[in-house]
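**Q** Supplied structure: work_11.pdb, PDB, C-alpha atoms.
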MODEL        1
ATOM      1  CA  MET A 179      72.465  57.129 -71.103
ATOM      2  CA  THR A 180      73.975  57.107 -67.600
ATOM      3  CA  GLU A 181      77.469  55.693 -67.286
ATOM      4  CA  VAL A 182      78.149  53.542 -64.226
ATOM      5  CA  ASP A 183      81.176  51.884 -62.708
ATOM      6  CA  PRO A 184      81.775  48.708 -64.726
ATOM      7  CA  VAL A 185      83.405  46.893 -61.802
ATOM      8  CA  ILE A 186      80.309  47.219 -59.618
ATOM      9  CA  HIS A 187      77.858  47.053 -62.497
ATOM     10  CA  GLN A 188      78.589  43.349 -63.162
ATOM     11  CA  PRO A 189      75.585  41.552 -61.520
ATOM     12  CA  THR A 190      77.523  39.104 -59.322
ATOM     13  CA  ARG A 191      79.919  41.772 -58.093
ATOM     14  CA  LEU A 192      76.968  44.074 -57.444
ATOM     15  CA  ARG A 193      75.403  41.417 -55.217
ATOM     16  CA  ILE A 194      78.693  40.849 -53.393
ATOM     17  CA  MET A 195      79.002  44.573 -52.746
ATOM     18  CA  ALA A 196      75.362  44.790 -51.634
ATOM     19  CA  ALA A 197      75.875  41.896 -49.203
ATOM     20  CA  LEU A 198      78.918  43.600 -47.674
ATOM     21  CA  VAL A 199      77.520  47.131 -47.600
ATOM     22  CA  GLY A 200      74.349  45.780 -45.962
ATOM     23  CA  LEU A 201      76.395  44.993 -42.852
ATOM     24  CA  GLU A 202      77.502  47.373 -40.195
ATOM     25  CA  GLU A 203      80.580  49.429 -41.047
ATOM     26  CA  GLY A 204      83.777  47.574 -40.126
ATOM     27  CA  SER A 205      82.114  44.139 -40.083
ATOM     28  CA  GLN A 206      83.922  41.309 -41.804
ATOM     29  CA  VAL A 207      82.354  38.155 -43.193
ATOM     30  CA  GLU A 208      83.975  34.834 -43.813
ATOM     31  CA  PHE A 209      84.264  33.594 -47.402
ATOM     32  CA  GLY A 210      81.688  30.860 -46.727
ATOM     33  CA  PHE A 211      79.097  33.469 -45.742
ATOM     34  CA  LEU A 212      79.108  34.961 -49.229
ATOM     35  CA  LEU A 213      79.218  31.496 -50.813
ATOM     36  CA  ASP A 214      76.111  30.471 -48.949
ATOM     37  CA  LEU A 215      74.258  33.773 -49.253
ATOM     38  CA  LEU A 216      74.853  34.254 -52.967
ATOM     39  CA  GLY A 217      74.909  30.603 -54.049
ATOM     40  CA  LEU A 218      78.168  30.886 -55.974
ATOM     41  CA  SER A 219      80.934  28.371 -56.568
ATOM     42  CA  ASP A 220      84.308  28.800 -54.832
ATOM     43  CA  GLY A 221      86.068  29.680 -58.071
ATOM     44  CA  ASN A 222      83.438  32.113 -59.256
ATOM     45  CA  LEU A 223      83.343  33.954 -55.938
ATOM     46  CA  SER A 224      87.154  34.071 -55.743
ATOM     47  CA  THR A 225      87.380  35.580 -59.226
ATOM     48  CA  HIS A 226      84.893  38.333 -58.468
ATOM     49  CA  LEU A 227      86.434  39.051 -55.077
ATOM     50  CA  ARG A 228      89.813  39.416 -56.722
ATOM     51  CA  LYS A 229      88.418  41.964 -59.145
ATOM     52  CA  LEU A 230      86.763  43.934 -56.374
ATOM     53  CA  GLU A 231      89.974  43.812 -54.386
ATOM     54  CA  GLU A 232      91.981  45.054 -57.355
ATOM     55  CA  ALA A 233      89.567  47.973 -57.561
ATOM     56  CA  ARG A 234      90.168  48.473 -53.812
ATOM     57  CA  PHE A 235      86.451  48.195 -53.115
ATOM     58  CA  ILE A 236      86.993  45.347 -50.668
ATOM     59  CA  ALA A 237      89.849  44.128 -48.469
ATOM     60  CA  THR A 238      90.529  40.518 -47.568
ATOM     61  CA  GLU A 239      92.350  39.097 -44.587
ATOM     62  CA  LYS A 240      93.564  35.542 -44.362
ATOM     63  CA  GLY A 241      93.921  33.742 -41.063
ATOM     64  CA  PHE A 242      93.314  30.523 -39.187
ATOM     65  CA  VAL A 243      90.644  29.385 -36.771
ATOM     66  CA  GLY A 244      92.318  26.444 -35.086
ATOM     67  CA  ARG A 245      93.936  24.725 -38.041
ATOM     68  CA  MET A 246      91.283  25.754 -40.515
ATOM     69  CA  PRO A 247      92.206  28.492 -42.976
ATOM     70  CA  ARG A 248      89.692  31.288 -43.208
ATOM     71  CA  THR A 249      89.375  34.345 -45.449
ATOM     72  CA  TRP A 250      87.638  37.395 -44.037
ATOM     73  CA  ILE A 251      86.216  40.053 -46.312
ATOM     74  CA  ARG A 252      85.146  43.611 -45.616
ATOM     75  CA  VAL A 253      84.135  46.529 -47.768
ATOM     76  CA  THR A 254      86.542  49.492 -47.791
ATOM     77  CA  PRO A 255      85.435  53.121 -47.361
ATOM     78  CA  GLU A 256      86.245  53.579 -51.047
ATOM     79  CA  GLY A 257      84.008  50.635 -51.910
ATOM     80  CA  ARG A 258      81.204  52.005 -49.772
ATOM     81  CA  ARG A 259      81.487  55.346 -51.563
ATOM     82  CA  ALA A 260      81.531  53.746 -55.005
ATOM     83  CA  PHE A 261      78.506  51.655 -54.073
ATOM     84  CA  ALA A 262      76.629  54.728 -52.821
ATOM     85  CA  ASP A 263      77.484  56.512 -56.070
ATOM     86  CA  TYR A 264      76.220  53.544 -58.036
ATOM     87  CA  VAL A 265      72.932  53.459 -56.125
ATOM     88  CA  ALA A 266      72.565  57.230 -56.553
ATOM     89  CA  ALA A 267      73.076  56.792 -60.292
ATOM     90  CA  LEU A 268      70.349  54.133 -60.377
ATOM     91  CA  GLU A 269      68.004  56.355 -58.407
ATOM     92  CA  GLY A 270      68.826  59.160 -60.812
ATOM     93  CA  ILE A 271      67.734  56.993 -63.725
ATOM     94  CA  LEU A 272      64.532  56.103 -61.909
ATOM     95  CA  GLY A 273      63.948  59.745 -61.072
ATOM     96  CA  THR A 274      63.597  58.988 -57.359
ATOM     97  CA  LYS A 275      66.647  61.056 -56.510
ATOM     98  CA  ALA A 276      68.892  63.434 -58.396
ATOM     99  CA  PRO A 277      72.305  61.860 -59.039
ATOM    100  CA  ALA A 278      74.772  62.959 -56.368
ATOM    101  CA  ALA A 279      77.634  65.244 -57.312
ATOM    102  CA  THR A 280      79.997  62.395 -56.495
ATOM    103  CA  ALA A 281      78.000  60.031 -58.624
ATOM    104  CA  ALA A 282      79.966  60.915 -61.703
ATOM    105  CA  PRO A 283      81.016  57.798 -63.572
ATOM    106  CA  VAL A 284      83.571  56.160 -61.313
ATOM    107  CA  ALA A 285      85.300  54.722 -64.324
ATOM    108  CA  THR A 286      86.592  58.157 -65.273
ATOM    109  CA  ALA A 287      88.460  58.497 -61.971
ATOM    110  CA  ALA A 288      89.539  54.896 -61.834
ATOM    111  CA  PRO A 289      93.059  54.940 -63.306
ATOM    112  CA  ALA A 290      94.361  57.469 -60.773
ATOM    113  CA  ARG A 291      92.703  55.772 -57.786
ATOM    114  CA  ARG A 292      93.615  52.264 -58.723
ATOM    115  CA  GLY A 293      97.178  53.089 -59.589
ATOM    116  CA  GLY A 294      96.575  52.139 -63.197
ATOM    117  CA  ARG A 295      95.898  48.492 -62.402
ATOM    118  CA  GLY A 296      94.122  46.538 -65.033
ATOM    119  CA  ARG A 297      90.611  45.275 -64.527
ATOM    120  CA  SER A 298      88.014  43.520 -66.539
TER
ATOM    121  CA  MET B 172      71.409  51.627 -68.599
ATOM    122  CA  ASP B 173      67.684  52.063 -69.054
ATOM    123  CA  TYR B 174      64.847  52.501 -66.569
ATOM    124  CA  ASP B 175      63.863  48.814 -66.306
ATOM    125  CA  GLU B 176      67.441  47.679 -65.820
ATOM    126  CA  ALA B 177      67.974  50.297 -63.100
ATOM    127  CA  ALA B 178      64.772  49.290 -61.330
ATOM    128  CA  LYS B 179      65.743  45.618 -61.372
ATOM    129  CA  SER B 180      69.256  46.371 -60.114
ATOM    130  CA  LEU B 181      67.941  48.488 -57.265
ATOM    131  CA  LYS B 182      65.487  45.775 -56.275
ATOM    132  CA  ASP B 183      68.266  43.146 -56.278
ATOM    133  CA  ILE B 184      70.488  45.405 -54.215
ATOM    134  CA  LYS B 185      67.834  45.974 -51.554
ATOM    135  CA  ALA B 186      66.993  42.261 -51.395
ATOM    136  CA  THR B 187      70.641  41.205 -51.032
ATOM    137  CA  MET B 188      71.386  43.863 -48.403
ATOM    138  CA  GLY B 189      68.342  42.767 -46.413
ATOM    139  CA  ARG B 190      69.217  39.074 -46.570
ATOM    140  CA  SER B 191      72.804  39.737 -45.585
ATOM    141  CA  SER B 192      71.995  41.889 -42.560
ATOM    142  CA  THR B 193      69.211  39.576 -41.323
ATOM    143  CA  ARG B 194      71.394  36.489 -41.595
ATOM    144  CA  ILE B 195      74.164  38.069 -39.523
ATOM    145  CA  ALA B 196      71.728  39.380 -36.936
ATOM    146  CA  ARG B 197      70.422  35.848 -36.284
ATOM    147  CA  GLU B 198      73.540  34.656 -34.495
ATOM    148  CA  PRO B 199      72.846  36.199 -31.065
ATOM    149  CA  GLY B 200      69.327  34.743 -30.974
ATOM    150  CA  TRP B 201      70.320  31.450 -29.352
ATOM    151  CA  PHE B 202      72.069  33.293 -26.490
ATOM    152  CA  PHE B 203      68.732  34.915 -25.630
ATOM    153  CA  VAL B 204      66.984  31.530 -25.717
ATOM    154  CA  ILE B 205      69.554  29.971 -23.340
ATOM    155  CA  ALA B 206      69.386  32.964 -20.961
ATOM    156  CA  GLY B 207      65.586  32.778 -21.006
ATOM    157  CA  ALA B 208      65.595  29.058 -20.207
ATOM    158  CA  MET B 209      67.939  29.706 -17.256
ATOM    159  CA  TRP B 210      65.648  32.393 -15.830
ATOM    160  CA  LEU B 211      62.518  30.360 -16.416
ATOM    161  CA  VAL B 212      63.799  27.231 -14.645
ATOM    162  CA  GLY B 213      65.633  29.100 -11.870
ATOM    163  CA  TYR B 214      62.775  31.369 -10.852
ATOM    164  CA  LEU B 215      60.075  28.721 -11.205
ATOM    165  CA  VAL B 216      62.001  26.557  -8.746
ATOM    166  CA  THR B 217      62.539  29.602  -6.489
ATOM    167  CA  GLN B 218      58.788  30.217  -6.457
ATOM    168  CA  PHE B 219      57.542  26.671  -5.948
ATOM    169  CA  ALA B 220      60.443  24.844  -4.265
ATOM    170  CA  PRO B 221      62.522  27.471  -2.449
ATOM    171  CA  ALA B 222      64.245  24.784  -0.334
ATOM    172  CA  VAL B 223      66.135  23.417  -3.354
ATOM    173  CA  ALA B 224      66.462  26.716  -5.213
ATOM    174  CA  GLY B 225      70.141  27.211  -4.279
ATOM    175  CA  PRO B 226      71.475  23.954  -5.773
ATOM    176  CA  VAL B 227      69.155  24.260  -8.770
ATOM    177  CA  TRP B 228      70.404  27.780  -9.497
ATOM    178  CA  LEU B 229      73.971  26.486  -9.293
ATOM    179  CA  VAL B 230      73.283  23.716 -11.802
ATOM    180  CA  VAL B 231      71.274  26.015 -14.094
ATOM    181  CA  THR B 232      74.015  28.642 -14.058
ATOM    182  CA  VAL B 233      76.794  26.142 -14.782
ATOM    183  CA  LEU B 234      74.822  24.484 -17.580
ATOM    184  CA  GLY B 235      73.660  27.793 -19.061
ATOM    185  CA  CYS B 236      77.096  29.412 -19.004
ATOM    186  CA  GLY B 237      78.612  26.218 -20.412
ATOM    187  CA  ALA B 238      76.080  26.190 -23.249
ATOM    188  CA  MET B 239      76.709  29.864 -24.021
ATOM    189  CA  THR B 240      80.474  29.348 -24.059
ATOM    190  CA  ALA B 241      80.139  26.329 -26.356
ATOM    191  CA  LEU B 242      77.817  28.272 -28.647
ATOM    192  CA  GLY B 243      80.225  31.223 -28.733
ATOM    193  CA  LEU B 244      83.130  28.932 -29.646
ATOM    194  CA  PHE B 245      81.052  27.205 -32.308
ATOM    195  CA  LEU B 246      80.007  30.511 -33.891
ATOM    196  CA  ARG B 247      83.586  31.727 -33.850
ATOM    197  CA  LYS B 248      84.881  28.594 -35.549
ATOM    198  CA  LYS B 249      82.106  27.888 -38.021
ATOM    199  CA  LYS B 250      82.494  28.638 -41.696
ATOM    200  CA  GLY B 251      80.467  31.515 -42.973
ATOM    201  CA  GLY B 252      80.476  33.591 -39.811
ATOM    202  CA  ALA B 253      81.085  37.266 -39.257
ATOM    203  CA  ARG B 254      83.368  39.448 -37.147
ATOM    204  CA  HIS B 255      82.454  42.831 -35.738
ATOM    205  CA  PRO B 256      85.593  44.547 -34.422
ATOM    206  CA  GLY B 257      83.819  47.189 -32.328
ATOM    207  CA  LEU B 258      81.217  44.879 -30.825
ATOM    208  CA  PRO B 259      82.972  43.730 -27.589
ATOM    209  CA  LEU B 260      83.556  47.360 -26.643
ATOM    210  CA  ARG B 261      79.924  48.258 -27.261
ATOM    211  CA  ILE B 262      78.686  45.275 -25.252
ATOM    212  CA  ALA B 263      80.997  46.279 -22.393
ATOM    213  CA  ALA B 264      79.657  49.859 -22.541
ATOM    214  CA  ILE B 265      76.040  48.630 -22.432
ATOM    215  CA  ALA B 266      76.859  46.280 -19.523
ATOM    216  CA  ILE B 267      78.472  49.137 -17.564
ATOM    217  CA  GLY B 268      75.426  51.308 -18.291
ATOM    218  CA  ILE B 269      73.052  48.634 -16.998
ATOM    219  CA  VAL B 270      75.084  48.065 -13.815
ATOM    220  CA  ALA B 271      75.184  51.834 -13.236
ATOM    221  CA  PHE B 272      71.416  52.004 -13.760
ATOM    222  CA  ALA B 273      70.817  49.152 -11.323
ATOM    223  CA  PHE B 274      73.105  50.775  -8.776
ATOM    224  CA  LEU B 275      71.323  54.133  -9.064
ATOM    225  CA  LEU B 276      67.948  52.424  -8.807
ATOM    226  CA  ALA B 277      69.002  50.617  -5.648
ATOM    227  CA  LEU B 278      70.456  53.822  -4.215
ATOM    228  CA  SER B 279      67.366  55.871  -5.028
ATOM    229  CA  PHE B 280      64.692  53.479  -3.856
ATOM    230  CA  GLY B 281      66.553  51.621  -1.130
ATOM    231  CA  LEU B 282      65.978  48.196  -2.663
ATOM    232  CA  GLU B 283      67.401  45.522  -0.441
ATOM    233  CA  LEU B 284      69.011  42.252  -1.344
ATOM    234  CA  GLY B 285      66.869  39.131  -1.087
ATOM    235  CA  ARG B 286      63.414  39.271  -2.642
ATOM    236  CA  ASN B 287      63.990  42.646  -4.279
ATOM    237  CA  LEU B 288      67.213  41.667  -6.013
ATOM    238  CA  PRO B 289      65.490  39.664  -8.771
ATOM    239  CA  ALA B 290      63.096  42.545  -9.288
ATOM    240  CA  LEU B 291      66.053  44.870  -9.626
ATOM    241  CA  LEU B 292      67.602  42.510 -12.183
ATOM    242  CA  MET B 293      64.350  42.435 -14.094
ATOM    243  CA  LEU B 294      64.009  46.210 -14.121
ATOM    244  CA  SER B 295      67.594  46.471 -15.342
ATOM    245  CA  THR B 296      66.837  43.929 -18.067
ATOM    246  CA  ALA B 297      63.742  45.887 -19.035
ATOM    247  CA  PHE B 298      65.861  49.006 -19.212
ATOM    248  CA  ALA B 299      68.429  47.212 -21.396
ATOM    249  CA  TYR B 300      65.670  46.106 -23.773
ATOM    250  CA  PHE B 301      64.359  49.637 -23.882
ATOM    251  CA  VAL B 302      67.772  51.094 -24.732
ATOM    252  CA  LEU B 303      68.634  48.387 -27.275
ATOM    253  CA  GLY B 304      65.296  48.933 -28.983
ATOM    254  CA  MET B 305      66.343  52.472 -29.822
ATOM    255  CA  THR B 306      69.177  51.215 -31.990
ATOM    256  CA  VAL B 307      68.316  47.616 -32.905
ATOM    257  CA  GLN B 308      64.587  46.929 -33.179
ATOM    258  CA  PRO B 309      61.896  49.383 -32.026
ATOM    259  CA  VAL B 310      59.758  46.459 -30.854
ATOM    260  CA  MET B 311      62.418  45.747 -28.196
ATOM    261  CA  SER B 312      61.723  49.150 -26.600
ATOM    262  CA  LEU B 313      58.068  48.243 -26.355
ATOM    263  CA  MET B 314      58.960  44.871 -24.803
ATOM    264  CA  GLY B 315      61.262  46.631 -22.328
ATOM    265  CA  ALA B 316      58.537  49.075 -21.312
ATOM    266  CA  LEU B 317      55.964  46.282 -20.884
ATOM    267  CA  LEU B 318      58.440  44.165 -18.935
ATOM    268  CA  GLY B 319      59.282  47.043 -16.596
ATOM    269  CA  LEU B 320      55.634  47.858 -15.977
ATOM    270  CA  SER B 321      54.714  44.196 -15.401
ATOM    271  CA  VAL B 322      57.491  43.693 -12.863
ATOM    272  CA  ALA B 323      56.600  46.926 -11.083
ATOM    273  CA  ALA B 324      52.949  45.780 -10.949
ATOM    274  CA  SER B 325      53.987  42.373  -9.571
ATOM    275  CA  MET B 326      56.127  43.991  -6.883
ATOM    276  CA  LEU B 327      53.327  46.279  -5.784
ATOM    277  CA  PHE B 328      50.218  44.124  -6.139
ATOM    278  CA  TRP B 329      51.266  40.463  -6.053
ATOM    279  CA  PRO B 330      54.552  40.324  -4.117
ATOM    280  CA  GLY B 331      53.930  36.675  -3.193
ATOM    281  CA  TRP B 332      54.064  35.694  -6.863
ATOM    282  CA  LEU B 333      57.011  37.861  -7.808
ATOM    283  CA  TYR B 334      59.328  34.946  -8.693
ATOM    284  CA  LEU B 335      56.679  33.336 -10.852
ATOM    285  CA  SER B 336      56.073  36.560 -12.729
ATOM    286  CA  ILE B 337      59.816  37.024 -13.206
ATOM    287  CA  ALA B 338      60.161  33.459 -14.501
ATOM    288  CA  VAL B 339      57.347  33.860 -16.993
ATOM    289  CA  LEU B 340      57.806  37.507 -17.963
ATOM    290  CA  GLY B 341      61.610  37.659 -17.892
ATOM    291  CA  GLY B 342      62.373  34.171 -19.145
ATOM    292  CA  GLY B 343      59.515  34.382 -21.616
ATOM    293  CA  THR B 344      60.721  37.707 -22.992
ATOM    294  CA  PHE B 345      64.230  36.359 -23.494
ATOM    295  CA  ILE B 346      63.030  33.168 -25.159
ATOM    296  CA  ALA B 347      60.475  34.948 -27.332
ATOM    297  CA  SER B 348      62.919  37.586 -28.538
ATOM    298  CA  GLY B 349      65.601  34.924 -29.144
ATOM    299  CA  LEU B 350      63.230  32.803 -31.212
ATOM    300  CA  PHE B 351      62.020  35.902 -33.055
ATOM    301  CA  ILE B 352      65.616  36.716 -34.025
ATOM    302  CA  VAL B 353      66.464  33.148 -35.049
ATOM    303  CA  LEU B 354      63.286  32.302 -36.918
ATOM    304  CA  ARG B 355      62.361  35.544 -38.634
ATOM    305  CA  LYS B 356      62.365  35.567 -42.396
ATOM    306  CA  GLU B 357      65.241  37.228 -44.169
ATOM    307  CA  LYS B 358      64.264  40.692 -45.351
ATOM    308  CA  GLY B 359      64.926  39.860 -48.979
ATOM    309  CA  ASP B 360      62.649  36.824 -48.937
ATOM    310  CA  ASP B 361      59.234  37.121 -50.487
TER
ENDMDL
END
Before anything else, please render the file you have as structure tokens.
**A**
Amino acid sequence: MTEVDPVIHQPTRLRIMAALVGLEEGSQVEFGFLLDLLGLSDGNLSTHLRKLEEARFIATEKGFVGRMPRTWIRVTPEGRRAFADYVAALEGILGTKAPAATAAPVATAAPARRGGRGRS
Amino acid sequence: MDYDEAAKSLKDIKATMGRSSTRIAREPGWFFVIAGAMWLVGYLVTQFAPAVAGPVWLVVTVLGCGAMTALGLFLRKKKGGARHPGLPLRIAAIAIGIVAFAFLLALSFGLELGRNLPALLMLSTAFAYFVLGMTVQPVMSLMGALLGLSVAASMLFWPGWLYLSIAVLGGGTFIASGLFIVLRKEKGDD
């Protein structure tokens, strides 16, 4: 059985990561973009974003457009790497591509990288 | 994780990535449509009613630029938009490249202002499409090549109808590519 990163493996978080990684590197999307694209509720999306942010896979930036508060989200290089590792692991299972050397279960390296932060 | 689960995950990933990138790429489409409408109206009037072309161009330019500015502000303010930090720099680089190309073309072939200026603009536009197609959509390169050839043919064989051909070919290309960008299905859709 192949072990995969549990943070990314959760289906909603996987879709959030896919939506962000699908964009050009450095691009940021507004919170409402993900809401609309993924059909999630505010609370549900916020919860998953928080978990991805705790894992340092995404970064958020709060600001204003006029008087309207906006939250901008982008995937971090670490998140992009973890996502690529995850996809490589899937392709390894399917036999379409040998798992990359870096595709070792991310969970094993997680405590050091995440500074021992808790996650669920 | 077993084979079926991995296959389903990979399919979901590809679909979501496709939908996300297509949705973001739609935003510039309306700018192309506005630019195309400006060219179409302006050059049609230049061809068929040259006496009033000056004032019409002025109105078309003011309205078109106003619409583009309003659209830009709307896209910037709307919920669910996107920001691309490196984009303004890239657009500036492409614009400089196009101006340099137009300048070199004029220098090399001695194109004069007046009737040849629109042709020069069109050839530069065709060149821009060709270059953009290499990085954005290959079909744009094909459109650029066809546009360039059509304008060159108009200049050589039907110089009296040059403005009409520019209105239809140039404006039409802009409008068609804008509508293609705005209306195309998201990649993840079946």
**Q** If you count all atoms listed in the file, which residues fall within 9 Å of region 200-216 of chain B, apart from same-chain ones fewer than 2 positions away, as a VMD selection string?
**A** chain B and resid 196 to 198 218 to 224 227 to 228 231 to 232 234 to 236 238 to 239 242 to 243 289 334 to 354
**Q** Find the residues of chain B that sit at most 10 Å from chain A; for each, write down the nearest two atoms and how far apart they are in Å, to one decimal. Count all atoms listed in the file. Sort by chain, then by number going up, and give it as CSV.
**A**
residue,atom,partner,partner_atom,distance
B:Met172,CA,A:Thr180,CA,6.1
B:Asp173,CA,A:Ile271,CA,7.3
B:Tyr174,CA,A:Leu272,CA,5.9
B:Asp175,CA,A:Leu272,CA,8.5
B:Glu176,CA,A:Leu268,CA,8.9
B:Ala177,CA,A:Leu268,CA,5.3
B:Ala178,CA,A:Leu272,CA,6.8
B:Lys179,CA,A:Leu268,CA,9.7
B:Ser180,CA,A:Leu268,CA,7.8
B:Leu181,CA,A:Leu268,CA,6.9
B:Asp183,CA,A:Arg193,CA,7.4
B:Ile184,CA,A:Ala196,CA,5.5
B:Lys185,CA,A:Ala196,CA,7.6
B:Ala186,CA,A:Ala196,CA,8.7
B:Thr187,CA,A:Ala197,CA,5.6
B:Met188,CA,A:Gly200,CA,4.3
B:Gly189,CA,A:Gly200,CA,6.7
B:Arg190,CA,A:Ala197,CA,7.7
B:Ser191,CA,A:Ala197,CA,5.2
B:Ser192,CA,A:Leu201,CA,5.4
B:Thr193,CA,A:Leu201,CA,9.1
B:Arg194,CA,A:Leu215,CA,8.6
B:Ile195,CA,A:Leu201,CA,8.0
B:Ala196,CA,A:Leu201,CA,9.4
B:Arg247,CA,A:Val243,CA,8.0
B:Lys248,CA,A:Val243,CA,5.9
B:Lys249,CA,A:Val243,CA,8.8
B:Lys250,CA,A:Gly210,CA,5.6
B:Gly251,CA,A:Phe211,CA,3.7
B:Gly252,CA,A:Glu208,CA,5.5
B:Ala253,CA,A:Val207,CA,4.2
B:Arg254,CA,A:Gln206,CA,5.0
B:His255,CA,A:Ser205,CA,4.6
B:Pro256,CA,A:Ser205,CA,6.7
B:Gly257,CA,A:Gly204,CA,7.8
B:Leu258,CA,A:Ser205,CA,9.3
**Q** For the selection you just gave me, I'd like the residues written to a file as a compact mmCIF listing (two decimals), in the frame of the given file, keeping C-alpha atoms.
**A**
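See again-v5.txt below for the written result:
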# COMPACT_ATOMS: atom_id res chain seq x y z
CA MET B 172 71.41 51.63 -68.60
CA ASP B 173 67.68 52.06 -69.05
CA TYR B 174 64.85 52.50 -66.57
CA ASP B 175 63.86 48.81 -66.31
CA GLU B 176 67.44 47.68 -65.82
CA ALA B 177 67.97 50.30 -63.10
CA ALA B 178 64.77 49.29 -61.33
CA LYS B 179 65.74 45.62 -61.37
CA SER B 180 69.26 46.37 -60.11
CA LEU B 181 67.94 48.49 -57.26
CA ASP B 183 68.27 43.15 -56.28
CA ILE B 184 70.49 45.40 -54.22
CA LYS B 185 67.83 45.97 -51.55
CA ALA B 186 66.99 42.26 -51.40
CA THR B 187 70.64 41.20 -51.03
CA MET B 188 71.39 43.86 -48.40
CA GLY B 189 68.34 42.77 -46.41
CA ARG B 190 69.22 39.07 -46.57
CA SER B 191 72.80 39.74 -45.58
CA SER B 192 72.00 41.89 -42.56
CA THR B 193 69.21 39.58 -41.32
CA ARG B 194 71.39 36.49 -41.60
CA ILE B 195 74.16 38.07 -39.52
CA ALA B 196 71.73 39.38 -36.94
CA ARG B 247 83.59 31.73 -33.85
CA LYS B 248 84.88 28.59 -35.55
CA LYS B 249 82.11 27.89 -38.02
CA LYS B 250 82.49 28.64 -41.70
CA GLY B 251 80.47 31.52 -42.97
CA GLY B 252 80.48 33.59 -39.81
CA ALA B 253 81.08 37.27 -39.26
CA ARG B 254 83.37 39.45 -37.15
CA HIS B 255 82.45 42.83 -35.74
CA PRO B 256 85.59 44.55 -34.42
CA GLY B 257 83.82 47.19 -32.33
CA LEU B 258 81.22 44.88 -30.82
**Q** From the options B:Leu333, B:Ile262, B:Leu294, B:Val270, which residue's atoms come nearest to Ala316 (chain B), counting all atoms listed in the file?
**A**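 With all atoms listed in the file as the atom set, the closest residue is B:Leu294.
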**Q** Report, in Å to a single decimal, how far apart CA of Leu246 (chain B) and CA of Asn222 (chain A) are.
**A**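 So the two atoms, CA of Asn222 (chain A) and CA of Leu246 (chain B), lie 25.6 Å apart.
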**Q** Quick check, in Å to one decimal: how far apart do CA of Leu327 (chain B) and CA of Met311 (chain B) lie?
**A** 24.2 Å
**Q** Report, in Å to a single decimal, how far apart CA of Val233 (chain B) and CA of Ala273 (chain B) are.
**A**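 Pair CA of Ala273 (chain B) / CA of Val233 (chain B) returns 24.0 Å.
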**Q** Need the axis-aligned box for region 208-215 of chain B with 5 Å each side, so what are the centre and edges in Å to one decimal, as JSON?
**A**
{"center_x": 64.0, "center_y": 29.8, "center_z": -15.5, "size_x": 17.9, "size_y": 15.2, "size_z": 19.4}
**Q** Quick one: of B:Ala324, B:Ile265, B:Leu276, B:Pro259, who's nearest to Ala299 (chain B), counting only C-alpha atoms?
**A**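 Closest to Ala299 (chain B), using only C-alpha atoms: B:Ile265.
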